[in-house]
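upload_25.txt follows (compact mmCIF, C-alpha atoms and all ligand atoms):
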```
# COMPACT_ATOMS: atom_id res chain seq x y z
CA MET D 9 -7.07 16.99 -0.08
CA SER D 10 -5.73 13.97 1.73
CA LYS D 11 -4.85 10.74 -0.03
CA PRO D 12 -7.70 8.45 -1.10
CA CYS D 13 -8.06 5.21 0.84
CA ILE D 14 -8.52 1.90 -0.97
CA ILE D 15 -10.92 -0.44 0.80
CA CYS D 16 -10.43 -4.15 0.20
CA VAL D 17 -13.20 -6.58 1.06
CA ALA D 18 -12.17 -10.14 1.93
CA ILE D 19 -15.50 -11.74 1.22
CA THR D 20 -15.23 -15.41 2.19
CA GLY D 21 -11.85 -16.75 3.29
CA SER D 22 -11.34 -20.40 3.99
CA LEU D 23 -12.54 -20.65 7.58
CA PRO D 24 -15.88 -19.01 8.48
CA THR D 25 -19.01 -21.03 7.72
CA LYS D 26 -22.73 -20.31 7.51
CA GLU D 27 -23.03 -21.84 10.97
CA ASN D 28 -20.72 -19.06 12.23
CA ASN D 29 -22.58 -16.38 10.28
CA PRO D 30 -25.27 -17.06 7.65
CA ALA D 31 -24.09 -13.98 5.70
CA VAL D 32 -20.78 -15.65 4.72
CA PRO D 33 -21.01 -16.09 0.93
CA VAL D 34 -20.06 -19.65 -0.05
CA SER D 35 -21.40 -20.44 -3.52
CA VAL D 36 -20.07 -18.43 -6.46
CA ALA D 37 -23.52 -16.84 -6.92
CA GLU D 38 -23.55 -15.73 -3.27
CA GLN D 39 -20.01 -14.42 -3.59
CA VAL D 40 -20.88 -12.29 -6.61
CA GLU D 41 -23.97 -10.87 -4.89
CA SER D 42 -22.14 -10.13 -1.65
CA THR D 43 -19.23 -8.50 -3.51
CA HIS D 44 -21.62 -6.40 -5.56
CA GLU D 45 -23.15 -4.95 -2.37
CA ALA D 46 -19.67 -4.33 -0.95
CA PHE D 47 -18.57 -2.66 -4.20
CA GLU D 48 -21.59 -0.34 -4.05
CA ALA D 49 -20.69 0.43 -0.43
CA GLY D 50 -17.16 1.53 -1.40
CA ALA D 51 -14.87 -1.49 -1.64
CA THR D 52 -12.68 -1.56 -4.75
CA ILE D 53 -10.59 -4.70 -4.21
CA CYS D 54 -12.28 -8.08 -3.81
CA HIS D 55 -10.00 -10.59 -2.06
CA ALA D 56 -11.44 -14.03 -2.73
CA HIS D 57 -11.12 -17.69 -1.87
CA VAL D 58 -13.51 -20.31 -3.27
CA ARG D 59 -15.29 -23.11 -1.44
CA ASN D 60 -16.65 -26.57 -2.15
CA GLU D 61 -20.35 -27.35 -1.78
CA ASP D 62 -19.71 -28.55 1.80
CA GLN D 63 -18.07 -25.15 2.61
CA SER D 64 -14.56 -26.64 2.82
CA PRO D 65 -11.83 -24.57 1.12
CA SER D 66 -11.14 -25.29 -2.54
CA SER D 67 -8.43 -24.36 -5.02
CA ASP D 68 -10.48 -25.39 -8.05
CA PRO D 69 -9.54 -23.09 -10.97
CA GLU D 70 -12.96 -23.70 -12.53
CA LYS D 71 -14.68 -22.10 -9.52
CA PHE D 72 -12.26 -19.18 -9.62
CA ALA D 73 -13.03 -18.78 -13.33
CA ARG D 74 -16.78 -18.58 -12.68
CA LEU D 75 -16.23 -16.12 -9.84
CA LYS D 76 -14.04 -13.88 -12.02
CA GLU D 77 -16.61 -13.93 -14.78
CA GLY D 78 -19.41 -12.98 -12.36
CA LEU D 79 -17.41 -10.19 -10.76
CA GLU D 80 -16.38 -8.71 -14.10
CA LYS D 81 -20.03 -8.66 -15.14
CA HIS D 82 -21.59 -7.33 -11.94
CA CYS D 83 -18.75 -5.21 -10.50
CA PRO D 84 -17.10 -3.72 -13.60
CA GLY D 85 -13.77 -2.07 -12.79
CA MET D 86 -13.38 -3.66 -9.36
CA ILE D 87 -9.90 -5.10 -8.72
CA ILE D 88 -10.08 -8.89 -8.45
CA GLN D 89 -7.58 -10.49 -6.12
CA PHE D 90 -7.34 -14.27 -5.69
CA SER D 91 -5.85 -15.84 -2.62
CA THR D 92 -2.85 -18.13 -2.99
CA GLY D 93 -2.99 -18.78 0.77
CA GLY D 94 -2.16 -22.17 2.11
CA ARG D 95 -5.46 -23.27 3.63
CA SER D 96 -7.10 -24.09 0.31
CA GLY D 97 -4.40 -26.29 -1.18
CA ALA D 98 -0.83 -27.43 -0.94
CA GLY D 99 2.21 -26.65 -3.04
CA LYS D 100 1.63 -25.51 -6.60
CA ALA D 101 -2.13 -26.13 -6.34
CA ARG D 102 -2.15 -22.80 -4.47
CA GLY D 103 -1.33 -21.03 -7.73
CA GLY D 104 -3.43 -23.17 -10.08
CA MET D 105 -5.83 -20.30 -10.77
CA LEU D 106 -3.15 -17.75 -11.72
CA PRO D 107 -3.42 -18.50 -15.49
CA LEU D 108 -6.90 -16.91 -15.22
CA GLU D 109 -5.02 -13.60 -14.98
CA PRO D 110 -6.78 -11.90 -12.07
CA ASP D 111 -5.65 -8.30 -11.44
CA MET D 112 -3.95 -9.29 -8.20
CA ALA D 113 -3.12 -12.29 -6.07
CA SER D 114 -2.03 -12.56 -2.47
CA LEU D 115 1.56 -13.67 -1.94
CA SER D 116 3.12 -14.76 1.33
CA VAL D 117 6.90 -14.55 1.17
CA GLY D 118 7.78 -16.27 4.45
CA SER D 119 6.48 -18.73 7.02
CA ASN D 120 4.96 -18.29 10.46
CA ASN D 121 2.64 -20.01 12.88
CA PHE D 122 -1.16 -20.02 12.50
CA PRO D 123 -3.66 -20.95 15.23
CA THR D 124 -3.23 -24.72 14.84
CA ARG D 125 -0.39 -25.23 12.38
CA VAL D 126 2.63 -23.85 10.59
CA TYR D 127 1.83 -21.59 7.64
CA GLU D 128 4.47 -22.97 5.33
CA ASN D 129 5.84 -20.80 2.53
CA PRO D 130 9.12 -22.38 1.48
CA PRO D 131 11.43 -20.22 -0.69
CA ASP D 132 11.07 -22.37 -3.83
CA LEU D 133 7.26 -22.16 -3.71
CA VAL D 134 7.34 -18.41 -3.07
CA ASP D 135 9.64 -17.95 -6.07
CA TRP D 136 7.39 -20.13 -8.25
CA LEU D 137 4.25 -18.19 -7.26
CA ALA D 138 6.03 -14.87 -7.89
CA ALA D 139 7.20 -16.13 -11.31
CA GLU D 140 3.65 -17.18 -12.25
CA MET D 141 2.43 -13.71 -11.26
CA ARG D 142 5.05 -12.14 -13.52
CA THR D 143 4.06 -14.43 -16.40
CA TYR D 144 0.39 -13.49 -16.12
CA SER D 145 0.90 -9.77 -15.27
CA ILE D 146 -0.68 -10.18 -11.83
CA LYS D 147 0.19 -7.66 -9.12
CA PRO D 148 1.01 -9.44 -5.87
CA GLU D 149 -0.30 -8.23 -2.55
CA ILE D 150 2.38 -9.14 -0.04
CA GLU D 151 0.86 -10.64 3.10
CA ALA D 152 3.18 -9.53 5.89
CA PHE D 153 2.53 -11.65 8.97
CA ASP D 154 5.94 -10.71 10.32
CA LEU D 155 8.59 -8.01 9.97
CA SER D 156 10.90 -10.38 8.09
CA HIS D 157 8.26 -10.68 5.35
CA ILE D 158 8.57 -6.95 4.63
CA HIS D 159 12.34 -7.29 4.28
CA GLN D 160 11.95 -10.33 2.02
CA ALA D 161 9.41 -8.57 -0.21
CA ALA D 162 11.72 -5.55 -0.50
CA ALA D 163 14.61 -7.82 -1.52
CA MET D 164 12.42 -9.56 -4.13
CA ASN D 165 11.31 -6.17 -5.44
CA LYS D 166 14.91 -5.01 -5.72
CA ASP D 167 16.12 -8.10 -7.63
CA GLY D 168 13.11 -8.11 -9.97
CA ARG D 169 11.26 -11.18 -8.71
CA ILE D 170 8.45 -8.80 -7.78
CA PRO D 171 8.56 -6.06 -10.44
CA GLY D 172 6.88 -2.67 -10.26
CA SER D 173 5.68 -0.89 -7.16
CA LEU D 174 5.20 -3.05 -4.10
CA TYR D 175 1.86 -3.43 -2.30
CA VAL D 176 2.28 -4.70 1.24
CA GLN D 177 -0.46 -5.73 3.62
CA PHE D 178 0.23 -6.00 7.34
CA VAL D 179 -1.81 -8.78 8.91
CA MET D 180 -2.20 -8.58 12.67
CA GLY D 181 -4.13 -10.53 15.22
CA VAL D 182 -3.80 -14.08 13.86
CA LYS D 183 -3.37 -16.31 16.91
CA ASN D 184 0.26 -17.44 17.35
CA ALA D 185 1.46 -14.85 14.80
CA MET D 186 1.98 -11.06 15.16
CA PRO D 187 -0.54 -9.57 17.60
CA VAL D 188 -2.25 -6.19 17.24
CA ASP D 189 0.51 -3.98 18.60
CA LYS D 190 0.64 -0.26 17.80
CA ASP D 191 4.41 0.08 18.18
CA VAL D 192 4.97 -2.79 15.75
CA PHE D 193 2.36 -1.36 13.39
CA ASP D 194 4.16 2.00 13.36
CA TYR D 195 7.48 0.24 12.82
CA TYR D 196 6.03 -1.74 9.88
CA ILE D 197 5.10 1.56 8.22
CA LYS D 198 8.50 3.04 8.96
CA THR D 199 10.21 -0.06 7.52
CA VAL D 200 8.17 0.00 4.31
CA GLU D 201 8.90 3.71 3.88
CA ARG D 202 12.62 3.17 4.48
CA LEU D 203 13.14 0.06 2.32
CA VAL D 204 10.67 0.73 -0.51
CA PRO D 205 9.69 4.41 -0.54
CA ASP D 206 7.41 4.02 -3.58
CA ALA D 207 5.39 1.18 -2.03
CA GLU D 208 1.77 1.39 -0.92
CA TRP D 209 0.58 -0.38 2.21
CA CYS D 210 -2.63 -1.70 3.63
CA ALA D 211 -3.54 -3.45 6.88
CA ALA D 212 -5.92 -6.12 8.09
CA GLY D 213 -6.90 -7.07 11.65
CA ILE D 214 -8.41 -10.41 12.53
CA GLY D 215 -11.55 -10.93 14.62
CA ARG D 216 -12.44 -8.18 17.06
CA HIS D 217 -9.28 -6.33 16.04
CA GLN D 218 -10.58 -5.60 12.55
CA LEU D 219 -12.01 -2.23 13.46
CA THR D 220 -8.91 -1.23 15.43
CA ILE D 221 -6.65 -1.93 12.45
CA ASN D 222 -9.08 -0.21 10.09
CA GLU D 223 -8.83 2.90 12.25
CA TRP D 224 -5.02 2.76 12.62
CA SER D 225 -4.46 2.31 8.88
CA ILE D 226 -6.92 5.00 7.82
CA ALA D 227 -5.53 7.46 10.39
CA ALA D 228 -1.94 6.76 9.28
CA GLY D 229 -2.62 7.31 5.55
CA GLY D 230 -2.64 3.68 4.42
CA HIS D 231 -5.25 1.51 2.78
CA THR D 232 -7.43 -0.93 4.68
CA ARG D 233 -9.07 -4.35 4.52
CA THR D 234 -12.32 -5.53 5.98
CA GLY D 235 -14.81 -8.34 5.29
CA LEU D 236 -16.22 -11.55 6.69
CA GLU D 237 -13.04 -13.56 6.03
CA ASP D 238 -11.32 -11.71 8.86
CA ASN D 239 -14.23 -10.95 11.16
CA ILE D 240 -17.88 -12.05 11.29
CA ARG D 241 -19.15 -9.64 13.95
CA LEU D 242 -20.16 -5.99 14.21
CA ASP D 243 -19.50 -6.15 17.96
CA LYS D 244 -19.54 -8.79 20.66
CA ASP D 245 -23.34 -9.06 20.59
CA ARG D 246 -24.12 -8.72 16.88
CA LEU D 247 -23.11 -10.69 13.81
CA ALA D 248 -22.27 -8.61 10.74
CA PRO D 249 -25.27 -8.80 8.41
CA SER D 250 -23.14 -8.60 5.25
CA ASN D 251 -19.73 -7.80 3.82
CA ALA D 252 -21.21 -4.44 2.80
CA ALA D 253 -21.99 -3.62 6.45
CA LEU D 254 -18.31 -4.05 7.31
CA VAL D 255 -17.29 -1.94 4.32
CA LYS D 256 -19.65 0.83 5.50
CA ARG D 257 -17.85 0.87 8.83
CA ALA D 258 -14.54 1.44 7.05
CA VAL D 259 -16.15 4.19 4.94
CA GLU D 260 -17.33 5.90 8.15
CA LEU D 261 -13.78 5.81 9.49
CA CYS D 262 -12.54 7.39 6.25
CA GLU D 263 -15.07 10.20 6.83
CA LYS D 264 -13.88 10.60 10.42
CA TYR D 265 -10.27 11.02 9.26
CA GLU D 266 -11.22 13.05 6.15
CA ARG D 267 -9.87 10.43 3.75
CA PRO D 268 -11.74 10.21 0.46
CA VAL D 269 -12.63 6.61 -0.41
CA ALA D 270 -10.89 5.60 -3.66
CA ASP D 271 -13.23 4.63 -6.48
CA TRP D 272 -12.05 1.81 -8.75
CA GLN D 273 -10.41 4.18 -11.22
CA LYS D 274 -8.43 5.85 -8.44
CA ALA D 275 -7.55 2.50 -6.84
CA ARG D 276 -6.19 1.22 -10.17
CA GLU D 277 -4.22 4.44 -10.62
CA ILE D 278 -2.68 4.23 -7.13
CA LEU D 279 -1.80 0.55 -7.50
CA GLN D 280 -0.77 0.89 -11.17
CA ILE D 281 -3.13 -1.85 -12.32
CA PRO D 282 -4.52 -1.09 -15.78
CA LEU D 283 -7.90 -2.53 -16.67
CA LYS D 284 -7.20 -5.79 -18.51
CA ALA D 285 -8.95 -6.40 -21.81
CA ALA D 286 -11.70 -8.97 -21.22
ZN ZN D 301 -7.66 -14.69 2.32
```

Take the structure I supplied and represent it as structure tokens, if you would.
Amino acid sequence: MSKPCIICVAITGSLPTKENNPAVPVSVAEQVESTHEAFEAGATICHAHVRNEDQSPSSDPEKFARLKEGLEKHCPGMIIQFSTGGRSGAGKARGGMLPLEPDMASLSVGSNNFPTRVYENPPDLVDWLAAEMRTYSIKPEIEAFDLSHIHQAAAMNKDGRIPGSLYVQFVMGVKNAMPVDKDVFDYYIKTVERLVPDAEWCAAGIGRHQLTINEWSIAAGGHTRTGLEDNIRLDKDRLAPSNAALVKRAVELCEKYERPVADWQKAREILQIPLKAA
């Protein structure tokens, strides 16, 4: 049997609003409900940002705490991953929720351009975030927006700043960063396999490229990410009605390529993330 595929659902992000798609979950209650549907549909990692009442991005640890509590209650076993991305705060505020000890947190290890600004990840902040993740036994998901980020993560893995097996996510299709390019995608995989043979990898495509990257990653034996953070549409004419609808599309691709969808136990086994005592 071929290797199970872990489906991550990025439920909210910091950009899309209800004006873009009314299905984007904004309040913590909406986030828990939307994640629950996505979990039932087959997602086993929830990648989450939190928002203020006015939908603007927040880094408020209190909101993250309520979200974690809701997810643990309604999606038992699901892997909870908090974003430390730079849109919701600056400097160390990006890691202010890490003492809540989520299973995972995203970690960018280098800088690049975003659609309208520089995505700044200076070395001292990266090292501080990685150290916090070690302190609280949080597995980082490396957000690779560029080839150099894979090399940097491998170096940090080797010198112990990122202990254990590495989990790398390729992000493609962000405007002004790495486009959706199959040769680069294949080379990313080759580079991960060469530098860190025991690593697992995943991939995410932004906007209309989401489905393309889902298909490439599932076909190539990796894990995959979907959800309204990255893409709010089913196709050019239809908005996605829910996060679960996007997860179902990834599940269908797993069927097409005869990849079993990992349940939460299998996902935790693959990623070596034991269930934390509540
Ligand atoms: Zn995110």

Using only C-alpha atoms and all ligand atoms, which protein or nucleic acid residues are at most 8 Å from ligand ZN 301 (chain D), as a list in words?
Ala18, Thr20, Gly21, Ser22, His55, Ala56, His57, Ser91, Thr92, Gly93, Ser114 and Glu237 of chain D

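Here atom CA of D:Thr199 and atom CA of D:Ser10 stand 22.0 Å from one another.
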
Can you tell me, as a list of chain:residue names, what residues are no more than 7 Å from D:Val58 when counting all atoms listed in the file, ignoring any on the same chain fewer than 3 positions away?
D:Pro65, D:Ser66, D:Ser67, D:Lys71, D:Phe72

Show me the residues close to (-3.5, -9.2, 3.7) - anything with an atom within 9 Å, counting only C-alpha atoms - and format the list as a PyMOL selection string.
chain D and resi 18+55+114-116+149-153+176-179+210-213+233

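Here the question is which of D:Lys190, D:Asn239, D:Ala139, D:Leu155 gets nearest to D:Pro171 using all atoms listed in the file, and that residue is D:Ala139.
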
Tell me which protein, DNA and RNA residues are within 7 Å of D:Thr234, counting all atoms listed in the file, leaving out same-chain ones fewer than 3 positions away, and put them as a ChimeraX atom specification.
/D:16-18,212,218,238,254-255

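For the atom pair formed by atom CA of D:Phe122 and atom CA of D:Gly215, the distance is 14.0 Å, given to one decimal.
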
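Here atom CA of D:Gly235 and atom CA of D:Trp272 stand 17.5 Å from one another.
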
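Across D:Pro12, D:Pro282, D:Pro148, D:Gly172, the tightest approach to D:Gly230 is made by D:Pro12 when counting all atoms listed in the file.
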
Looking at D:Cys262, D:Val200, D:Val192, D:Met141, which one is nearest to D:Gly103, with distances taken over all atoms listed in the file?
D:Met141

D:Pro69: which residues within 8 Å, counting only C-alpha atoms, same-chain residues fewer than 5 positions away excluded, as JSON, numbers by chain?
{"D": [104, 105, 108]}

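Residue nearest D:Thr232 within the list D:Gly50, D:Trp136, D:Met186, D:Lys81: D:Gly50 [criterion: smallest interatomic distance, all atoms listed in the file].
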
Rank nothing, just name the residue among D:Ile15, D:Val32, D:Ala162, D:Glu140 nearest to D:Arg202, using all atoms listed in the file.
D:Ala162

Proximity to D:Asn29 - best of D:Glu45, D:Ile278, D:Ala248, D:Ile214, only C-alpha atoms:
D:Ala248

If we draw a sphere of 12 Å around (-25.1, -18.4, 8.0), which residues have at least one atom in it when counting all atoms listed in the file? Please report them as number ranges by chain.
D: 20, 24-34, 38, 63, 236, 240, 247-250

Please provide the set of residues having any atom within 12 Å of D:Asp189, restricted to only C-alpha atoms, with same-chain residues fewer than 4 positions apart removed, written as a PyMOL selection string.
chain D and resi 154+178-182+185+193-196+213+217+220-221+224
